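Participant: So that you have it, the file is model_15.txt, and it contains compact mmCIF, C-alpha atoms:
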```txt
# COMPACT_ATOMS: atom_id res chain seq x y z
CA MET A 1 -23.42 12.11 25.30
CA ARG A 2 -23.31 11.34 21.58
CA ALA A 3 -19.54 10.89 21.86
CA LEU A 4 -19.74 8.33 24.68
CA PRO A 5 -19.83 5.25 22.37
CA HIS A 6 -16.69 6.54 20.63
CA VAL A 7 -14.96 7.14 23.98
CA MET A 8 -15.88 3.68 25.26
CA ALA A 9 -14.69 2.04 22.03
CA ALA A 10 -11.08 2.85 22.92
CA PRO A 11 -8.68 -0.11 22.94
CA LYS A 12 -8.68 -2.23 26.12
CA ASP A 13 -4.90 -2.61 26.22
CA GLY A 14 -1.68 -1.70 24.46
CA ALA A 15 -2.01 2.06 24.00
CA ALA A 16 0.86 4.35 23.03
CA ILE A 17 1.29 7.26 25.43
CA SER A 18 1.66 10.90 24.46
CA MET A 19 1.79 14.41 25.89
CA LEU A 20 4.05 13.62 28.83
CA CYS A 21 3.46 16.49 31.22
CA LEU A 22 5.20 17.75 34.34
CA ARG A 23 3.46 20.08 36.78
CA PRO A 24 6.26 21.77 38.71
CA GLU A 25 3.91 24.36 40.23
CA ARG A 26 0.16 24.91 40.24
CA ASN A 27 -1.17 25.80 36.75
CA GLU A 28 2.29 25.29 35.25
CA ARG A 29 2.82 22.66 32.56
CA ARG A 30 6.01 21.45 30.98
CA PHE A 31 5.87 18.89 28.17
CA VAL A 32 8.81 16.49 27.97
CA ASP A 33 9.91 13.45 25.96
CA GLU A 34 10.54 11.28 29.03
CA ILE A 35 9.63 11.17 32.70
CA THR A 36 11.30 9.36 35.58
CA LEU A 37 8.88 7.63 37.96
CA THR A 38 9.93 6.68 41.50
CA ARG A 39 7.96 5.04 44.28
CA GLU A 40 9.55 7.18 46.95
CA ASN A 41 9.50 10.61 45.31
CA GLY A 42 6.82 10.28 42.65
CA ILE A 43 7.98 12.24 39.63
CA PRO A 44 11.08 14.35 40.21
CA GLY A 45 10.28 17.90 39.15
CA GLU A 46 6.61 17.55 40.10
CA ARG A 47 4.83 18.90 43.14
CA TRP A 48 3.36 15.59 44.40
CA LYS A 49 5.78 15.15 47.31
CA ASP A 50 5.59 18.73 48.60
CA GLN A 51 2.15 19.95 47.46
CA PRO A 52 -0.18 16.96 47.04
CA TRP A 53 -3.91 17.57 46.80
CA LEU A 54 -4.50 14.44 48.90
CA ARG A 55 -2.64 13.14 51.93
CA THR A 56 -2.78 9.96 53.99
CA GLU A 57 -3.93 10.02 57.62
CA ASP A 58 -0.34 10.50 58.79
CA GLY A 59 0.08 13.57 56.53
CA ALA A 60 2.21 11.93 53.85
CA PRO A 61 1.45 12.49 50.16
CA HIS A 62 -1.11 9.88 49.05
CA PRO A 63 0.71 7.37 46.82
CA GLY A 64 -2.48 6.71 44.84
CA ILE A 65 -2.22 10.11 43.14
CA GLN A 66 1.38 9.92 41.90
CA VAL A 67 0.40 9.44 38.25
CA SER A 68 -2.69 10.60 36.38
CA ILE A 69 -3.69 9.13 33.02
CA LEU A 70 -6.32 10.77 30.80
CA GLN A 71 -7.98 9.09 27.86
CA LYS A 72 -7.12 10.76 24.54
CA ARG A 73 -10.71 10.65 23.27
CA VAL A 74 -11.94 12.56 26.33
CA LEU A 75 -9.13 15.12 26.04
CA ASP A 76 -10.01 15.68 22.38
CA LEU A 77 -13.64 16.32 23.33
CA VAL A 78 -13.06 18.82 26.11
CA TRP A 79 -9.78 20.61 25.31
CA ARG A 80 -10.85 22.54 22.25
CA ASP A 81 -9.06 25.87 22.68
CA ARG A 82 -5.54 24.54 23.09
CA GLU A 83 -3.88 27.92 22.67
CA ASN A 84 -5.80 29.73 25.40
CA THR A 85 -6.76 26.95 27.82
CA VAL A 86 -4.34 25.15 30.12
CA HIS A 87 -3.72 21.43 29.53
CA PRO A 88 -5.44 19.38 32.27
CA GLY A 89 -2.05 18.39 33.70
CA ASP A 90 -2.32 14.61 33.54
CA THR A 91 1.03 12.82 33.52
CA PHE A 92 0.28 11.38 30.09
CA ILE A 93 -2.49 10.72 27.59
CA ALA A 94 -3.44 7.26 26.27
CA ASP A 95 -6.06 6.08 23.80
CA MET A 96 -7.24 3.32 26.13
CA ASP A 97 -10.41 2.35 28.00
CA LEU A 98 -9.76 3.56 31.55
CA SER A 99 -13.07 2.35 33.00
CA GLU A 100 -13.32 0.33 36.21
CA ALA A 101 -14.52 -2.63 34.14
CA ASN A 102 -11.29 -2.60 32.11
CA LEU A 103 -8.89 -1.36 34.80
CA PRO A 104 -10.21 -2.39 38.23
CA VAL A 105 -8.64 -0.96 41.36
CA GLY A 106 -5.37 -2.79 41.89
CA GLN A 107 -4.76 -3.51 38.17
CA PHE A 108 -1.06 -3.32 37.33
CA LEU A 109 0.09 -1.40 34.26
CA GLU A 110 3.51 -1.61 32.66
CA ILE A 111 4.90 1.29 30.71
CA GLY A 112 8.50 1.62 29.65
CA GLU A 113 10.57 0.43 32.60
CA ALA A 114 7.94 1.38 35.18
CA VAL A 115 4.96 -0.38 36.72
CA LEU A 116 1.87 1.46 37.99
CA LYS A 117 -1.08 0.25 40.04
CA VAL A 118 -4.60 1.62 39.55
CA SER A 119 -5.61 3.53 42.68
CA GLU A 120 -8.85 3.50 44.61
CA VAL A 121 -8.82 7.33 44.55
CA PHE A 122 -11.47 8.64 42.17
CA ASN A 123 -10.55 11.53 39.88
CA ASP A 124 -13.79 13.50 39.75
CA GLY A 125 -12.45 16.57 38.02
CA CYS A 126 -11.70 19.50 40.27
CA VAL A 127 -13.12 22.99 40.14
CA LYS A 128 -10.37 23.84 37.64
CA TRP A 129 -11.71 21.21 35.20
CA LYS A 130 -15.10 22.92 35.30
CA ALA A 131 -13.59 26.39 34.92
CA ARG A 132 -11.37 25.38 32.00
CA TYR A 133 -13.61 23.03 30.04
CA GLY A 134 -17.10 24.07 31.14
CA SER A 135 -19.81 22.86 33.48
CA GLU A 136 -21.10 20.38 30.89
CA ALA A 137 -17.68 18.66 30.80
CA LYS A 138 -17.66 18.48 34.60
CA ASP A 139 -21.25 17.24 34.83
CA TRP A 140 -20.57 14.59 32.16
CA ILE A 141 -17.85 13.04 34.34
CA THR A 142 -19.95 12.77 37.48
CA MET A 143 -23.46 12.09 36.16
CA PRO A 144 -25.08 8.81 37.25
CA GLY A 145 -23.42 5.83 35.62
CA HIS A 146 -20.33 7.78 34.55
CA PRO A 147 -17.97 7.71 37.57
CA GLU A 148 -17.17 4.06 36.89
CA LEU A 149 -16.22 5.02 33.32
CA ARG A 150 -13.43 7.24 34.71
CA LEU A 151 -13.94 9.88 32.05
CA ARG A 152 -11.71 12.29 33.98
CA GLY A 153 -8.97 9.68 33.97
CA VAL A 154 -7.42 7.19 36.32
CA LEU A 155 -5.01 7.76 39.17
CA CYS A 156 -2.15 5.38 39.93
CA SER A 157 0.64 4.68 42.37
CA ILE A 158 4.14 3.89 41.18
CA GLU A 159 5.02 0.28 41.98
CA ARG A 160 8.32 -0.05 40.11
CA ASP A 161 10.67 2.80 39.34
CA GLY A 162 11.47 3.50 35.74
CA ILE A 163 11.60 5.91 32.87
CA ILE A 164 8.67 6.36 30.52
CA ARG A 165 8.98 7.92 27.09
CA GLU A 166 6.72 9.45 24.48
CA GLY A 167 5.32 6.57 22.41
CA ASP A 168 5.87 3.84 25.05
CA ILE A 169 3.06 1.29 25.19
CA LEU A 170 0.78 1.11 28.25
CA ARG A 171 -0.10 -2.55 28.96
CA LYS A 172 -2.10 -4.40 31.58
CA ILE A 173 -0.01 -6.98 33.44
CA ASP A 174 -0.48 -9.52 36.21
CA PRO A 175 0.48 -8.47 39.76
CA LEU A 176 4.18 -8.26 40.49
```
Can I see the file as C-alpha cells?

Facilitator:
Amino acid sequence: MRALPHVMAAPKDGAAISMLCLRPERNERRFVDEITLTRENGIPGERWKDQPWLRTEDGAPHPGIQVSILQKRVLDLVWRDRENTVHPGDTFIADMDLSEANLPVGQFLEIGEAVLKVSEVFNDGCVKWKARYGSEAKDWITMPGHPELRLRGVLCSIERDGIIREGDILRKIDPL
C-alpha cells in the first residue's frame, strides 16, 4: 500500500515499452526485440488464436485479450525473484498510468506501426499470479478501490496491424 502513490505517479502518456514477451505455450516465455501485431491472428507465435483463456459467445478467441500491458512500477514491486519466478507473460511493460481514469475502455493507443484499443475485459490476475507473486500481490489488485487502477495491467485488442519494437513509445491517440 505504501507503494501505491509511486505506482499512480507514473506518466499519463508517452511511455517507452520494454520486455517484449511471447508466450508460445503455457508457462513459456520468449523475450524478443520486436513483435508483429495483427487483428486477425493476434501475435504470430503466441497461443491467443488456438488457446485463448477467454472466448466470445461463438467460440472465437476474444479480441479484447490479444495484447496485455503491465505497468513497470507494479512489475518491479511484485517480481522480485527474477531468476526463479516466471515473468507474468504480458506482451510488454510500460511505465505508464494504466488506470481506467487515464485509459478508459475504448481508448486508442499507438505504438510503433500498430494501434491498440483498451478492452472492457478486466485483468484480475489469475491463480498463477497469486502462486508466483504471493497472495498479498493478488489481494492488492482486487481490493476495494483497486480494480479501476488496473494494477494487474490492461488488456487490448489490435486495431491496426504493425510491428512494435523495444523502446517504441506508447501514446494515447484519438479514435481511428

Participant: Would you pick out the contacts of region 17-20 of chain A at 6 Å or less, using all atoms listed in the file, so that residues sharing its chain but fewer than 4 positions from it are not included, and give the list as an mmCIF file with C-alpha atoms, in the frame of the given file?

Facilitator:
```cif
data_model
loop_
_atom_site.group_PDB
_atom_site.id
_atom_site.type_symbol
_atom_site.label_atom_id
_atom_site.label_comp_id
_atom_site.auth_asym_id
_atom_site.auth_seq_id
_atom_site.Cartn_x
_atom_site.Cartn_y
_atom_site.Cartn_z
ATOM 1 C CA PHE A 31 5.870 18.890 28.170
ATOM 2 C CA VAL A 32 8.810 16.490 27.970
ATOM 3 C CA THR A 91 1.030 12.820 33.520
ATOM 4 C CA PHE A 92 0.280 11.380 30.090
ATOM 5 C CA ILE A 93 -2.490 10.720 27.590
ATOM 6 C CA ALA A 94 -3.440 7.260 26.270
ATOM 7 C CA GLU A 166 6.720 9.450 24.480
ATOM 8 C CA GLY A 167 5.320 6.570 22.410
ATOM 9 C CA ASP A 168 5.870 3.840 25.050
#
```

Participant: Check the smallest atom-to-atom distance from each of A:Leu103, A:Ala114, A:Leu155, A:Met143 to Ile35 (chain A) using only C-alpha atoms, then report the winner.

Facilitator: A:Ala114

Participant: Taking (5.0, -1.7, 34.0) in the file's own coordinates, collect the residues within 10 Å, counting only C-alpha atoms, and hand them back as a JSON list (two decimals) with C-alpha atoms, in the frame of the given file.

Facilitator:
```json
[["chain", "number", "residue", "atom", "x", "y", "z"],
["A", 108, "PHE", "CA", -1.06, -3.32, 37.33],
["A", 109, "LEU", "CA", 0.09, -1.40, 34.26],
["A", 110, "GLU", "CA", 3.51, -1.61, 32.66],
["A", 111, "ILE", "CA", 4.90, 1.29, 30.71],
["A", 112, "GLY", "CA", 8.50, 1.62, 29.65],
["A", 113, "GLU", "CA", 10.57, 0.43, 32.60],
["A", 114, "ALA", "CA", 7.94, 1.38, 35.18],
["A", 115, "VAL", "CA", 4.96, -0.38, 36.72],
["A", 116, "LEU", "CA", 1.87, 1.46, 37.99],
["A", 117, "LYS", "CA", -1.08, 0.25, 40.04],
["A", 158, "ILE", "CA", 4.14, 3.89, 41.18],
["A", 159, "GLU", "CA", 5.02, 0.28, 41.98],
["A", 160, "ARG", "CA", 8.32, -0.05, 40.11],
["A", 161, "ASP", "CA", 10.67, 2.80, 39.34],
["A", 162, "GLY", "CA", 11.47, 3.50, 35.74],
["A", 164, "ILE", "CA", 8.67, 6.36, 30.52],
["A", 169, "ILE", "CA", 3.06, 1.29, 25.19],
["A", 170, "LEU", "CA", 0.78, 1.11, 28.25],
["A", 171, "ARG", "CA", -0.10, -2.55, 28.96],
["A", 172, "LYS", "CA", -2.10, -4.40, 31.58],
["A", 173, "ILE", "CA", -0.01, -6.98, 33.44],
["A", 174, "ASP", "CA", -0.48, -9.52, 36.21],
["A", 175, "PRO", "CA", 0.48, -8.47, 39.76],
["A", 176, "LEU", "CA", 4.18, -8.26, 40.49]]
```

Participant: Rank A:Arg165, A:Ser157, A:Leu77, A:His146 by their smallest atom-to-atom distance to Trp48 (chain A), using all atoms listed in the file, and report the top residue only.

Facilitator: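 Looking only at the distances to Trp48 (chain A), the closest residue turns out to be A:Ser157.
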
Participant: Compare A:Phe122, A:Trp53, A:Trp79, A:Trp140 by their minimum atom-to-atom distance to Pro104 (chain A), counting all atoms listed in the file, and give me the closest one.

Facilitator: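 Checking each candidate against Pro104 (chain A), we get A:Phe122 as the closest.
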
Participant: Counting only C-alpha atoms, which residue out of A:Asn27, A:Gln51, A:Gln71, A:Thr38 sits closest to Ala10 (chain A)?

Facilitator: A:Gln71

Participant: Given the choices A:Arg39, A:Arg132, A:Lys72, A:Arg150, which gets closest to Pro11 (chain A) if the distance is worked out from only C-alpha atoms?

Facilitator: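 The answer is A:Lys72, which sits nearest to Pro11 (chain A).
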
Participant: For a quick check of understanding, using all atoms listed in the file, which of A:Arg2, A:Lys12, A:Lys138, A:Lys128 has the smallest distance to Gly89 (chain A)?

Facilitator: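 Going through A:Arg2, A:Lys12, A:Lys138, A:Lys128 one by one, the smallest distance to Gly89 (chain A) is for A:Lys128.
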
Participant: Quick one: pull the distance between CA of Asp95 (chain A) and CA of Ile69 (chain A), Å, one decimal.

Facilitator: 10.0 Å

Participant: May I ask for the distance between CA of Asp97 (chain A) and CA of Ala9 (chain A), given in Å to one decimal place?

Facilitator: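 We find that CA of Asp97 (chain A) and CA of Ala9 (chain A) lie 7.4 Å from each other.
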
Participant: Have a look at CA of Arg23 (chain A) and CA of Asn41 (chain A) and let me know their distance in Å, one decimal.

Facilitator: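 For CA of Arg23 (chain A) relative to CA of Asn41 (chain A), the distance reads 14.1 Å.
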
Participant: Please list as a CSV table (one decimal) with C-alpha atoms, keeping the file's coordinate frame every residue within 6 Å of Gln66 (chain A), counting only C-alpha atoms and excluding residues in the same chain fewer than 2 positions away.

Facilitator:
```
chain,number,residue,atom,x,y,z
A,42,GLY,CA,6.8,10.3,42.6
A,63,PRO,CA,0.7,7.4,46.8
A,64,GLY,CA,-2.5,6.7,44.8
A,157,SER,CA,0.6,4.7,42.4
```

Participant: Could you give me the centre and size, in Å to one decimal, of an axis-aligned box around all listed atoms of region 169-176 of chain A with 5 Å added on every side, as AutoDock Vina command-line options?

Facilitator:
```
--center_x 1.0 --center_y -4.1 --center_z 32.8 --size_x 16.3 --size_y 20.8 --size_z 25.3
```

Participant: Please identify all polymer residues within 8 Å of Pro52 (chain A), counting all atoms listed in the file, omitting same-chain residues fewer than 5 positions from it, and present them as a ChimeraX atom specification.

Facilitator: /A:47,61-62

Participant: Pick out the residues sitting within 10 Å of Val78 (chain A), and hand them over as number ranges by chain; count only C-alpha atoms, and ignore anything fewer than 6 positions along from it in its own chain.

Facilitator: A: 88, 129, 132-134, 136-138
